[in-house]
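work-v3.txt follows (compact mmCIF, C-alpha atoms):
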# COMPACT_ATOMS: atom_id res chain seq x y z
CA MET A 686 71.73 -72.76 -5.72
CA LYS A 687 70.26 -70.03 -7.89
CA ILE A 688 73.05 -67.53 -8.53
CA PHE A 689 72.71 -64.05 -10.01
CA VAL A 690 75.92 -62.95 -11.74
CA ALA A 691 76.24 -59.16 -11.59
CA ALA A 692 78.62 -57.78 -14.22
CA SER A 693 79.27 -54.52 -16.04
CA TYR A 694 77.12 -54.38 -19.13
CA SER A 695 76.36 -51.02 -20.73
CA SER A 696 80.07 -50.06 -20.78
CA LYS A 697 81.03 -53.36 -22.45
CA VAL A 698 79.09 -53.06 -25.67
CA ASP A 699 80.17 -52.10 -29.19
CA TYR A 700 77.28 -49.75 -29.93
CA SER A 701 77.87 -49.93 -33.70
CA THR A 702 76.63 -53.55 -33.60
CA GLY A 703 75.01 -53.84 -30.16
CA GLU A 704 77.29 -56.78 -29.37
CA VAL A 705 79.14 -57.34 -26.12
CA TYR A 706 82.92 -57.12 -26.71
CA PRO A 707 84.07 -60.67 -27.56
CA GLU A 708 86.99 -60.77 -25.07
CA TYR A 709 84.68 -59.68 -22.27
CA ARG A 710 82.05 -62.20 -23.31
CA ALA A 711 84.62 -65.02 -23.32
CA TRP A 712 85.90 -63.99 -19.87
CA LEU A 713 82.39 -63.84 -18.44
CA GLU A 714 81.19 -67.06 -20.11
CA ALA A 715 84.08 -68.96 -18.54
CA ILE A 716 83.08 -67.67 -15.09
CA ILE A 717 79.41 -68.58 -15.60
CA GLU A 718 80.32 -72.06 -16.86
CA GLN A 719 82.60 -72.57 -13.88
CA LEU A 720 79.72 -71.79 -11.53
CA GLU A 721 77.45 -74.13 -13.48
CA SER A 722 80.06 -76.88 -13.20
CA TYR A 723 79.38 -76.81 -9.43
CA GLY A 724 75.69 -77.45 -10.11
CA HIS A 725 74.42 -73.88 -9.74
CA GLU A 726 71.63 -72.39 -11.84
CA VAL A 727 73.00 -69.08 -13.11
CA PHE A 728 71.25 -65.95 -14.36
CA CYS A 729 73.36 -63.28 -16.04
CA ALA A 730 71.65 -60.46 -17.95
CA LEU A 731 74.27 -60.37 -20.70
CA ARG A 732 73.82 -64.06 -21.50
CA ALA A 733 70.03 -63.80 -21.14
CA ASP A 734 70.21 -61.10 -23.84
CA ASN A 735 72.31 -63.46 -25.99
CA TRP A 736 75.32 -61.10 -25.67
CA ARG A 737 73.66 -58.31 -27.59
CA ILE A 738 72.18 -55.29 -25.89
CA ASN A 739 68.52 -55.33 -26.74
CA ASP A 740 65.96 -52.64 -27.22
CA LEU A 741 64.76 -52.79 -23.65
CA GLU A 742 64.59 -49.50 -21.89
CA PRO A 743 66.87 -49.30 -18.83
CA ALA A 744 63.68 -49.57 -16.76
CA GLU A 745 62.73 -52.97 -18.21
CA ALA A 746 66.29 -54.25 -17.87
CA PHE A 747 66.41 -53.13 -14.25
CA LYS A 748 63.04 -54.72 -13.43
CA LEU A 749 64.20 -58.03 -14.86
CA ASP A 750 67.40 -57.92 -12.80
CA GLU A 751 65.52 -56.84 -9.67
CA GLY A 752 63.18 -59.81 -9.99
CA GLU A 753 66.02 -62.26 -10.63
CA ILE A 754 67.97 -60.97 -7.61
CA SER A 755 64.92 -61.50 -5.40
CA LYS A 756 64.56 -65.08 -6.65
CA ALA A 757 68.26 -65.88 -6.33
CA ASP A 758 69.92 -67.47 -3.32
CA GLY A 759 73.23 -65.80 -4.02
CA MET A 760 75.07 -63.23 -6.12
CA LEU A 761 78.49 -63.35 -7.69
CA ALA A 762 79.38 -59.70 -8.36
CA LEU A 763 82.30 -59.00 -10.68
CA VAL A 764 84.05 -55.86 -9.54
CA SER A 765 87.16 -54.00 -10.67
CA ASN A 766 89.06 -50.80 -10.02
CA THR A 767 86.43 -48.96 -12.10
CA PRO A 768 83.17 -49.20 -10.19
CA SER A 769 80.06 -50.03 -12.20
CA ALA A 770 77.08 -48.01 -10.99
CA GLY A 771 74.74 -50.88 -11.85
CA VAL A 772 76.79 -53.66 -10.25
CA GLN A 773 77.24 -51.64 -7.07
CA MET A 774 73.50 -50.96 -6.90
CA GLU A 775 72.83 -54.68 -7.34
CA ILE A 776 75.28 -55.53 -4.55
CA GLY A 777 73.39 -53.15 -2.29
CA MET A 778 70.06 -54.74 -3.19
CA ALA A 779 71.42 -58.22 -2.48
CA ILE A 780 73.03 -57.18 0.82
CA ALA A 781 69.75 -55.60 1.96
CA GLN A 782 67.97 -58.86 1.15
CA LYS A 783 70.59 -60.91 3.04
CA LYS A 784 71.55 -62.91 -0.02
CA GLN A 785 74.82 -64.81 -0.03
CA VAL A 786 77.06 -62.34 -1.89
CA VAL A 787 80.52 -63.04 -3.28
CA LEU A 788 82.67 -60.26 -4.74
CA ALA A 789 85.03 -61.57 -7.41
CA HIS A 790 87.85 -59.63 -9.02
CA GLU A 791 91.13 -60.02 -10.82
CA LYS A 792 94.28 -59.93 -8.70
CA ILE A 793 95.15 -56.46 -10.04
CA ASP A 794 91.86 -54.96 -8.81
CA GLN A 795 91.33 -53.58 -5.32
CA LEU A 796 88.00 -53.64 -3.53
CA ALA A 797 86.37 -50.23 -3.12
CA TYR A 798 85.99 -48.90 0.43
CA PHE A 799 82.47 -50.23 1.11
CA ASN A 800 83.17 -53.44 -0.79
CA GLN A 801 86.03 -54.03 1.67
CA ALA A 802 83.55 -53.31 4.45
CA VAL A 803 80.96 -55.91 3.49
CA VAL A 804 83.70 -58.52 3.17
CA ALA A 805 85.16 -57.58 6.56
CA LEU A 806 81.68 -57.86 8.11
CA GLY A 807 81.05 -61.25 6.54
CA GLN A 808 78.12 -59.84 4.53
CA ALA A 809 80.01 -60.88 1.39
CA GLY A 810 82.77 -63.27 0.49
CA GLU A 811 85.74 -62.40 -1.72
CA VAL A 812 87.25 -64.43 -4.52
CA VAL A 813 90.34 -63.55 -6.51
CA LEU A 814 89.86 -64.88 -10.05
CA PRO A 815 90.10 -67.47 -11.48
CA ILE A 816 87.51 -69.43 -9.49
CA THR A 817 89.06 -72.71 -8.41
CA SER A 818 86.42 -74.00 -6.00
CA ASP A 819 82.73 -73.38 -5.40
CA PRO A 820 82.49 -69.90 -3.82
CA PHE A 821 78.99 -70.74 -2.54
CA ALA A 822 79.88 -74.02 -0.87
CA ALA A 823 78.97 -74.20 2.82
CA LYS A 824 81.98 -73.19 4.89
CA MET B 864 61.19 -36.96 7.66
CA LYS B 865 64.45 -38.67 8.50
CA ILE B 866 66.69 -38.31 5.45
CA PHE B 867 69.97 -40.12 4.80
CA VAL B 868 72.24 -38.11 2.50
CA ALA B 869 74.48 -40.46 0.48
CA ALA B 870 77.56 -38.71 -0.89
CA SER B 871 81.03 -39.66 -2.10
CA TYR B 872 83.39 -39.68 0.82
CA SER B 873 86.65 -41.61 0.59
CA SER B 874 87.55 -39.95 -2.74
CA LYS B 875 86.91 -36.46 -1.31
CA VAL B 876 89.50 -36.39 1.45
CA ASP B 877 92.93 -34.78 1.66
CA TYR B 878 94.76 -37.73 3.17
CA SER B 879 97.64 -35.57 4.40
CA THR B 880 95.26 -34.00 6.94
CA GLY B 881 92.25 -36.35 6.90
CA GLU B 882 89.99 -33.41 6.08
CA VAL B 883 87.25 -33.35 3.51
CA TYR B 884 88.11 -30.92 0.69
CA PRO B 885 86.70 -27.53 1.73
CA GLU B 886 84.91 -26.80 -1.58
CA TYR B 887 83.20 -30.18 -1.43
CA ARG B 888 82.29 -29.65 2.22
CA ALA B 889 80.75 -26.25 1.45
CA TRP B 890 78.77 -27.70 -1.48
CA LEU B 891 77.47 -30.58 0.63
CA GLU B 892 76.72 -28.47 3.70
CA ALA B 893 74.54 -26.17 1.63
CA ILE B 894 72.53 -29.17 0.38
CA ILE B 895 72.12 -30.57 3.90
CA GLU B 896 71.05 -27.19 5.27
CA GLN B 897 68.55 -26.79 2.45
CA LEU B 898 66.96 -30.12 3.38
CA GLU B 899 66.90 -29.10 7.03
CA SER B 900 65.20 -25.84 6.10
CA TYR B 901 62.21 -27.97 5.02
CA GLY B 902 62.09 -29.53 8.48
CA HIS B 903 63.87 -32.78 7.73
CA GLU B 904 66.23 -34.53 10.14
CA VAL B 905 69.36 -35.27 8.12
CA PHE B 906 72.13 -37.82 8.63
CA CYS B 907 75.24 -37.53 6.49
CA ALA B 908 78.34 -39.56 7.37
CA LEU B 909 80.77 -36.79 6.43
CA ARG B 910 79.11 -34.30 8.77
CA ALA B 911 78.70 -36.94 11.49
CA ASP B 912 82.49 -37.38 11.29
CA ASN B 913 82.89 -33.60 11.60
CA TRP B 914 84.30 -33.43 8.04
CA ARG B 915 87.39 -35.44 8.90
CA ILE B 916 87.79 -39.06 7.99
CA ASN B 917 88.18 -40.89 11.25
CA ASP B 918 89.98 -44.01 12.25
CA LEU B 919 86.99 -46.24 11.75
CA GLU B 920 87.60 -49.28 9.68
CA PRO B 921 85.48 -49.37 6.51
CA ALA B 922 83.45 -52.07 8.26
CA GLU B 923 82.44 -49.78 11.13
CA ALA B 924 81.66 -46.91 8.77
CA PHE B 925 79.50 -49.20 6.65
CA LYS B 926 77.63 -50.60 9.66
CA LEU B 927 76.83 -47.09 10.84
CA ASP B 928 75.51 -46.13 7.40
CA GLU B 929 73.56 -49.38 7.07
CA GLY B 930 71.82 -48.73 10.39
CA GLU B 931 71.05 -45.10 9.51
CA ILE B 932 69.60 -46.10 6.12
CA SER B 933 67.31 -48.63 7.83
CA LYS B 934 66.09 -45.95 10.24
CA ALA B 935 65.61 -43.30 7.56
CA ASP B 936 62.39 -42.59 5.69
CA GLY B 937 64.20 -41.35 2.64
CA MET B 938 67.57 -40.98 0.92
CA LEU B 939 69.00 -38.10 -1.06
CA ALA B 940 71.83 -39.63 -3.12
CA LEU B 941 74.30 -37.27 -4.74
CA VAL B 942 75.46 -38.76 -8.02
CA SER B 943 77.71 -37.56 -10.82
CA ASN B 944 79.30 -38.79 -14.02
CA THR B 945 81.86 -40.65 -11.92
CA PRO B 946 79.97 -43.36 -10.04
CA SER B 947 80.81 -43.81 -6.37
CA ALA B 948 80.87 -47.49 -5.44
CA GLY B 949 79.61 -46.65 -1.96
CA VAL B 950 76.80 -44.31 -2.99
CA GLN B 951 75.56 -46.78 -5.59
CA MET B 952 75.57 -49.58 -3.01
CA GLU B 953 73.59 -47.38 -0.64
CA ILE B 954 71.05 -46.56 -3.36
CA GLY B 955 70.58 -50.29 -3.91
CA MET B 956 70.07 -50.88 -0.18
CA ALA B 957 67.49 -48.08 0.01
CA ILE B 958 65.64 -49.27 -3.12
CA ALA B 959 65.47 -52.82 -1.72
CA GLN B 960 63.99 -51.40 1.50
CA LYS B 961 61.43 -49.32 -0.46
CA LYS B 962 62.69 -46.06 0.97
CA GLN B 963 61.79 -42.82 -0.76
CA VAL B 964 64.93 -42.22 -2.83
CA VAL B 965 65.85 -39.03 -4.67
CA LEU B 966 68.87 -38.87 -6.99
CA ALA B 967 70.36 -35.38 -7.13
CA HIS B 968 73.01 -34.21 -9.55
CA GLU B 969 74.45 -31.14 -11.19
CA LYS B 970 73.07 -30.24 -14.61
CA ILE B 971 76.31 -31.37 -16.27
CA ASP B 972 76.02 -34.90 -14.87
CA GLN B 973 74.06 -37.69 -16.55
CA LEU B 974 72.37 -40.48 -14.66
CA ALA B 975 74.02 -43.88 -15.08
CA TYR B 976 71.99 -46.57 -16.88
CA PHE B 977 70.39 -48.16 -13.81
CA ASN B 978 69.97 -44.79 -12.11
CA GLN B 979 67.88 -43.75 -15.12
CA ALA B 980 65.95 -46.99 -14.67
CA VAL B 981 64.91 -46.45 -11.06
CA VAL B 982 63.79 -42.92 -11.92
CA ALA B 983 61.79 -44.16 -14.93
CA LEU B 984 60.14 -46.79 -12.72
CA GLY B 985 59.26 -44.26 -10.04
CA GLN B 986 61.46 -46.08 -7.51
CA ALA B 987 63.45 -42.84 -7.20
CA GLY B 988 62.91 -39.19 -7.93
CA GLU B 989 65.42 -36.96 -9.73
CA VAL B 990 66.50 -33.47 -8.82
CA VAL B 991 68.83 -31.24 -10.80
CA LEU B 992 70.78 -29.09 -8.34
CA PRO B 993 70.34 -26.62 -6.76
CA ILE B 994 67.40 -27.82 -4.68
CA THR B 995 64.64 -25.20 -4.88
CA SER B 996 61.75 -27.06 -3.27
CA ASP B 997 61.39 -29.99 -0.87
CA PRO B 998 62.24 -33.09 -2.91
CA PHE B 999 60.46 -35.27 -0.31
CA ALA B 1000 57.20 -33.35 -0.25
CA ALA B 1001 54.14 -35.44 -1.02
CA LYS B 1002 53.37 -35.17 -4.72
Could you express the structure from this file as C-alpha cells?
Amino acid sequence: MKIFVAASYSSKVDYSTGEVYPEYRAWLEAIIEQLESYGHEVFCALRADNWRINDLEPAEAFKLDEGEISKADGMLALVSNTPSAGVQMEIGMAIAQKKQVVLAHEKIDQLAYFNQAVVALGQAGEVVLPITSDPFAAK
Amino acid sequence: MKIFVAASYSSKVDYSTGEVYPEYRAWLEAIIEQLESYGHEVFCALRADNWRINDLEPAEAFKLDEGEISKADGMLALVSNTPSAGVQMEIGMAIAQKKQVVLAHEKIDQLAYFNQAVVALGQAGEVVLPITSDPFAAK
C-alpha cells in the first residue's frame, strides 16, 4: 500500500542549521523503515526533504502533502500529548477522503478527544509504539 | 449560508460543573451572533450543547460535528497560538470537502505553519478578530 506518514515537522527543526533534530529523525526513520519492511511504499515530508527544512513556502509544502495524501491508500499519523496543527489537519483530510488512517503514539501519550472519537468509530486504528506488526494488514 | 463554527471545546470546560467557562462562552457567543447578523445559519457544538459538556462519548460528538460540516457551506474556525487537535482536524475535513473556510484569530495569535499555507493558497480566508464585515460575502 501507499502510506503517507504524518509527523510533526516545523517544531522539530534546529533553525540555526535547518536540520531536523537527530534524535527525532532516528525515531521517525525507524518507524518508516518498519512500515517499508511490510512492503509498503512510504511518503514522509521530512524524509522527502532529506531531513532539512527547505526553502519552500508553507503553501508549497502543504500542496505537496495534500497531493500525496490524495494518492495514498493510508496514513500513519504520529500523535502525542502536544497536538501538531499540521498533523491534525492532515488526519482530518484523510478521514474526509475515507483513507485507512492509523494513529500511532508512545505509551505515555494520550489521544486527544477527537482522536479518541475516530478510533472509537473505526475511522482510524490505534497503535502504541513500537510497531510490531503491519498496522495496515487486513483485519 | 450554513456556517459551522469550529472552536476549542474540551479544554474550555470547568469539569466540576460541566459548564463552558463564562468568559469563553461570552466571547464565542458574540462571534456567533455577529455571523447571524449577516443572515447566516450557524451551528456550533458548544451552543448546541447549551454550553455544558454533555454525556456524549467523543465518538457521538465527533459524528454530530462530521455530519454538520458535510451539510455546511462554510466553516469559521477559531484558532490561536495553542492548536486545538479537534479544530485542526475539522479544518482538514472542511478543506478536503472544498468548503469555504475562514480562519479567525485574535491579533496576538499567529497562524500555525499549515494554517498559513491554506490561507496563502486561497483554500481559506483569514480574519483578525473582531469580525467587522461578513467574512463569507462574495469577494
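You will find atom CA of A:Val705 at 7.9 Å from atom CA of A:Leu731.
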Quick check: residues of chain A within 10 Å of chain B, all atoms listed in the file, returned as an MDAnalysis selection string. chainID A and resid 694:696 742:748 751 755 764 766:782 796:807
Enclose all atoms of stretch 787-803 of chain A listed in the file in an axis-aligned box, grow every side by 8 Å, and hand back centre and edge lengths in Å to one decimal, as AutoDock Vina command-line options.
--center_x 87.8 --center_y -56.0 --center_z -3.2 --size_x 30.6 --size_y 30.1 --size_z 31.3
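Here atom CA of A:Arg710 and atom CA of A:Ala691 stand 13.4 Å from one another.
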If we count only C-alpha atoms and set the cut-off at 10 Å, which residues sit around A:Glu791, ignoring sequence neighbours fewer than 5 positions away in its own chain? Please answer as a PyMOL selection string. chain A and resi 763-766+812-815
Which distance in Å separates atom CA of B:Arg915 and atom CA of B:Asp877, to one decimal? 9.1 Å
Close residues, B:Asp912 itself excluded, 12 Å, all atoms listed in the file, min 4 positions apart in chain, as a PDB file with C-alpha atoms, in the frame of the given file:
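Saved the output as selection-v3.pdb:
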ATOM      1  CA  TYR B 872      83.390 -39.680   0.820  1.00  0.00           C
ATOM      2  CA  GLY B 881      92.250 -36.350   6.900  1.00  0.00           C
ATOM      3  CA  GLU B 882      89.990 -33.410   6.080  1.00  0.00           C
ATOM      4  CA  VAL B 883      87.250 -33.350   3.510  1.00  0.00           C
ATOM      5  CA  ARG B 888      82.290 -29.650   2.220  1.00  0.00           C
ATOM      6  CA  PHE B 906      72.130 -37.820   8.630  1.00  0.00           C
ATOM      7  CA  CYS B 907      75.240 -37.530   6.490  1.00  0.00           C
ATOM      8  CA  ALA B 908      78.340 -39.560   7.370  1.00  0.00           C
ATOM      9  CA  ILE B 916      87.790 -39.060   7.990  1.00  0.00           C
ATOM     10  CA  ASN B 917      88.180 -40.890  11.250  1.00  0.00           C
ATOM     11  CA  ASP B 918      89.980 -44.010  12.250  1.00  0.00           C
ATOM     12  CA  LEU B 919      86.990 -46.240  11.750  1.00  0.00           C
ATOM     13  CA  ALA B 924      81.660 -46.910   8.770  1.00  0.00           C
ATOM     14  CA  LEU B 927      76.830 -47.090  10.840  1.00  0.00           C
ATOM     15  CA  ASP B 928      75.510 -46.130   7.400  1.00  0.00           C
TER      16      ASP B 928
END
Give me stretch 764-777 of chain A from this structure - all heavy atoms, as a PDB file, in the first residue's frame.
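New file decode24.pdb:
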ATOM      1  N   VAL A 764       1.073  10.964  16.691  1.00  0.00           N
ATOM      2  CA  VAL A 764       0.474  11.962  17.573  1.00  0.00           C
ATOM      3  C   VAL A 764       1.076  11.847  18.967  1.00  0.00           C
ATOM      4  O   VAL A 764       1.657  10.821  19.327  1.00  0.00           O
ATOM      5  CB  VAL A 764      -1.069  11.824  17.623  1.00  0.00           C
ATOM      6  CG1 VAL A 764      -1.683  12.091  16.244  1.00  0.00           C
ATOM      7  CG2 VAL A 764      -1.499  10.466  18.140  1.00  0.00           C
ATOM      8  N   SER A 765       0.947  12.926  19.732  1.00  0.00           N
ATOM      9  CA  SER A 765       1.478  12.930  21.097  1.00  0.00           C
ATOM     10  C   SER A 765       0.579  13.807  21.953  1.00  0.00           C
ATOM     11  O   SER A 765      -0.456  14.290  21.490  1.00  0.00           O
ATOM     12  CB  SER A 765       2.914  13.460  21.102  1.00  0.00           C
ATOM     13  OG  SER A 765       2.898  14.858  20.913  1.00  0.00           O
ATOM     14  N   ASN A 766       1.003  14.023  23.193  1.00  0.00           N
ATOM     15  CA  ASN A 766       0.207  14.873  24.083  1.00  0.00           C
ATOM     16  C   ASN A 766       0.186  16.333  23.627  1.00  0.00           C
ATOM     17  O   ASN A 766      -0.650  17.106  24.080  1.00  0.00           O
ATOM     18  CB  ASN A 766       0.749  14.797  25.512  1.00  0.00           C
ATOM     19  CG  ASN A 766       0.358  13.501  26.195  1.00  0.00           C
ATOM     20  OD1 ASN A 766      -0.679  12.910  25.872  1.00  0.00           O
ATOM     21  ND2 ASN A 766       1.173  13.033  27.130  1.00  0.00           N
ATOM     22  N   THR A 767       1.118  16.714  22.776  1.00  0.00           N
ATOM     23  CA  THR A 767       1.168  18.081  22.250  1.00  0.00           C
ATOM     24  C   THR A 767       0.677  18.042  20.814  1.00  0.00           C
ATOM     25  O   THR A 767       1.390  17.612  19.929  1.00  0.00           O
ATOM     26  CB  THR A 767       2.623  18.616  22.271  1.00  0.00           C
ATOM     27  OG1 THR A 767       3.167  18.426  23.575  1.00  0.00           O
ATOM     28  CG2 THR A 767       2.664  20.077  21.890  1.00  0.00           C
ATOM     29  N   PRO A 768      -0.571  18.461  20.572  1.00  0.00           N
ATOM     30  CA  PRO A 768      -1.092  18.323  19.214  1.00  0.00           C
ATOM     31  C   PRO A 768      -0.304  19.162  18.211  1.00  0.00           C
ATOM     32  O   PRO A 768       0.065  20.299  18.501  1.00  0.00           O
ATOM     33  CB  PRO A 768      -2.535  18.861  19.297  1.00  0.00           C
ATOM     34  CG  PRO A 768      -2.802  19.168  20.718  1.00  0.00           C
ATOM     35  CD  PRO A 768      -1.527  19.104  21.486  1.00  0.00           C
ATOM     36  N   SER A 769      -0.054  18.594  17.059  1.00  0.00           N
ATOM     37  CA  SER A 769       0.532  19.330  15.939  1.00  0.00           C
ATOM     38  C   SER A 769      -0.609  19.816  15.063  1.00  0.00           C
ATOM     39  O   SER A 769      -1.439  19.022  14.611  1.00  0.00           O
ATOM     40  CB  SER A 769       1.451  18.401  15.138  1.00  0.00           C
ATOM     41  OG  SER A 769       1.591  18.895  13.812  1.00  0.00           O
ATOM     42  N   ALA A 770      -0.636  21.130  14.824  1.00  0.00           N
ATOM     43  CA  ALA A 770      -1.707  21.696  13.987  1.00  0.00           C
ATOM     44  C   ALA A 770      -1.707  21.041  12.609  1.00  0.00           C
ATOM     45  O   ALA A 770      -2.761  20.724  12.060  1.00  0.00           O
ATOM     46  CB  ALA A 770      -1.517  23.209  13.860  1.00  0.00           C
ATOM     47  N   GLY A 771      -0.519  20.825  12.056  1.00  0.00           N
ATOM     48  CA  GLY A 771      -0.417  20.262  10.712  1.00  0.00           C
ATOM     49  C   GLY A 771      -0.840  18.803  10.659  1.00  0.00           C
ATOM     50  O   GLY A 771      -1.585  18.393   9.759  1.00  0.00           O
ATOM     51  N   VAL A 772      -0.366  18.008  11.618  1.00  0.00           N
ATOM     52  CA  VAL A 772      -0.732  16.581  11.634  1.00  0.00           C
ATOM     53  C   VAL A 772      -2.234  16.431  11.814  1.00  0.00           C
ATOM     54  O   VAL A 772      -2.876  15.624  11.131  1.00  0.00           O
ATOM     55  CB  VAL A 772       0.040  15.829  12.741  1.00  0.00           C
ATOM     56  CG1 VAL A 772      -0.508  14.415  12.931  1.00  0.00           C
ATOM     57  CG2 VAL A 772       1.535  15.777  12.412  1.00  0.00           C
ATOM     58  N   GLN A 773      -2.807  17.219  12.707  1.00  0.00           N
ATOM     59  CA  GLN A 773      -4.256  17.111  12.937  1.00  0.00           C
ATOM     60  C   GLN A 773      -5.044  17.507  11.682  1.00  0.00           C
ATOM     61  O   GLN A 773      -6.063  16.893  11.358  1.00  0.00           O
ATOM     62  CB  GLN A 773      -4.683  17.976  14.125  1.00  0.00           C
ATOM     63  CG  GLN A 773      -4.206  17.478  15.472  1.00  0.00           C
ATOM     64  CD  GLN A 773      -4.726  16.100  15.848  1.00  0.00           C
ATOM     65  OE1 GLN A 773      -3.972  15.221  16.259  1.00  0.00           O
ATOM     66  NE2 GLN A 773      -6.024  15.883  15.696  1.00  0.00           N
ATOM     67  N   MET A 774      -4.557  18.525  10.975  1.00  0.00           N
ATOM     68  CA  MET A 774      -5.233  18.910   9.734  1.00  0.00           C
ATOM     69  C   MET A 774      -5.137  17.770   8.715  1.00  0.00           C
ATOM     70  O   MET A 774      -6.115  17.460   8.025  1.00  0.00           O
ATOM     71  CB  MET A 774      -4.601  20.187   9.176  1.00  0.00           C
ATOM     72  CG  MET A 774      -5.449  20.851   8.107  1.00  0.00           C
ATOM     73  SD  MET A 774      -4.569  22.154   7.209  1.00  0.00           S
ATOM     74  CE  MET A 774      -4.444  23.420   8.447  1.00  0.00           C
ATOM     75  N   GLU A 775      -3.985  17.140   8.652  1.00  0.00           N
ATOM     76  CA  GLU A 775      -3.806  16.031   7.708  1.00  0.00           C
ATOM     77  C   GLU A 775      -4.690  14.841   8.073  1.00  0.00           C
ATOM     78  O   GLU A 775      -5.246  14.175   7.186  1.00  0.00           O
ATOM     79  CB  GLU A 775      -2.326  15.650   7.642  1.00  0.00           C
ATOM     80  CG  GLU A 775      -1.517  16.781   7.004  1.00  0.00           C
ATOM     81  CD  GLU A 775      -0.031  16.517   6.877  1.00  0.00           C
ATOM     82  OE1 GLU A 775       0.537  15.783   7.720  1.00  0.00           O
ATOM     83  OE2 GLU A 775       0.579  17.067   5.959  1.00  0.00           O
ATOM     84  N   ILE A 776      -4.838  14.571   9.358  1.00  0.00           N
ATOM     85  CA  ILE A 776      -5.754  13.497   9.777  1.00  0.00           C
ATOM     86  C   ILE A 776      -7.166  13.810   9.282  1.00  0.00           C
ATOM     87  O   ILE A 776      -7.858  12.946   8.736  1.00  0.00           O
ATOM     88  CB  ILE A 776      -5.744  13.320  11.318  1.00  0.00           C
ATOM     89  CG1 ILE A 776      -4.386  12.809  11.805  1.00  0.00           C
ATOM     90  CG2 ILE A 776      -6.869  12.376  11.762  1.00  0.00           C
ATOM     91  CD1 ILE A 776      -4.209  12.876  13.331  1.00  0.00           C
ATOM     92  N   GLY A 777      -7.581  15.054   9.469  1.00  0.00           N
ATOM     93  CA  GLY A 777      -8.919  15.448   9.013  1.00  0.00           C
ATOM     94  C   GLY A 777      -9.091  15.272   7.515  1.00  0.00           C
ATOM     95  O   GLY A 777     -10.136  14.802   7.040  1.00  0.00           O
TER      96      GLY A 777
END
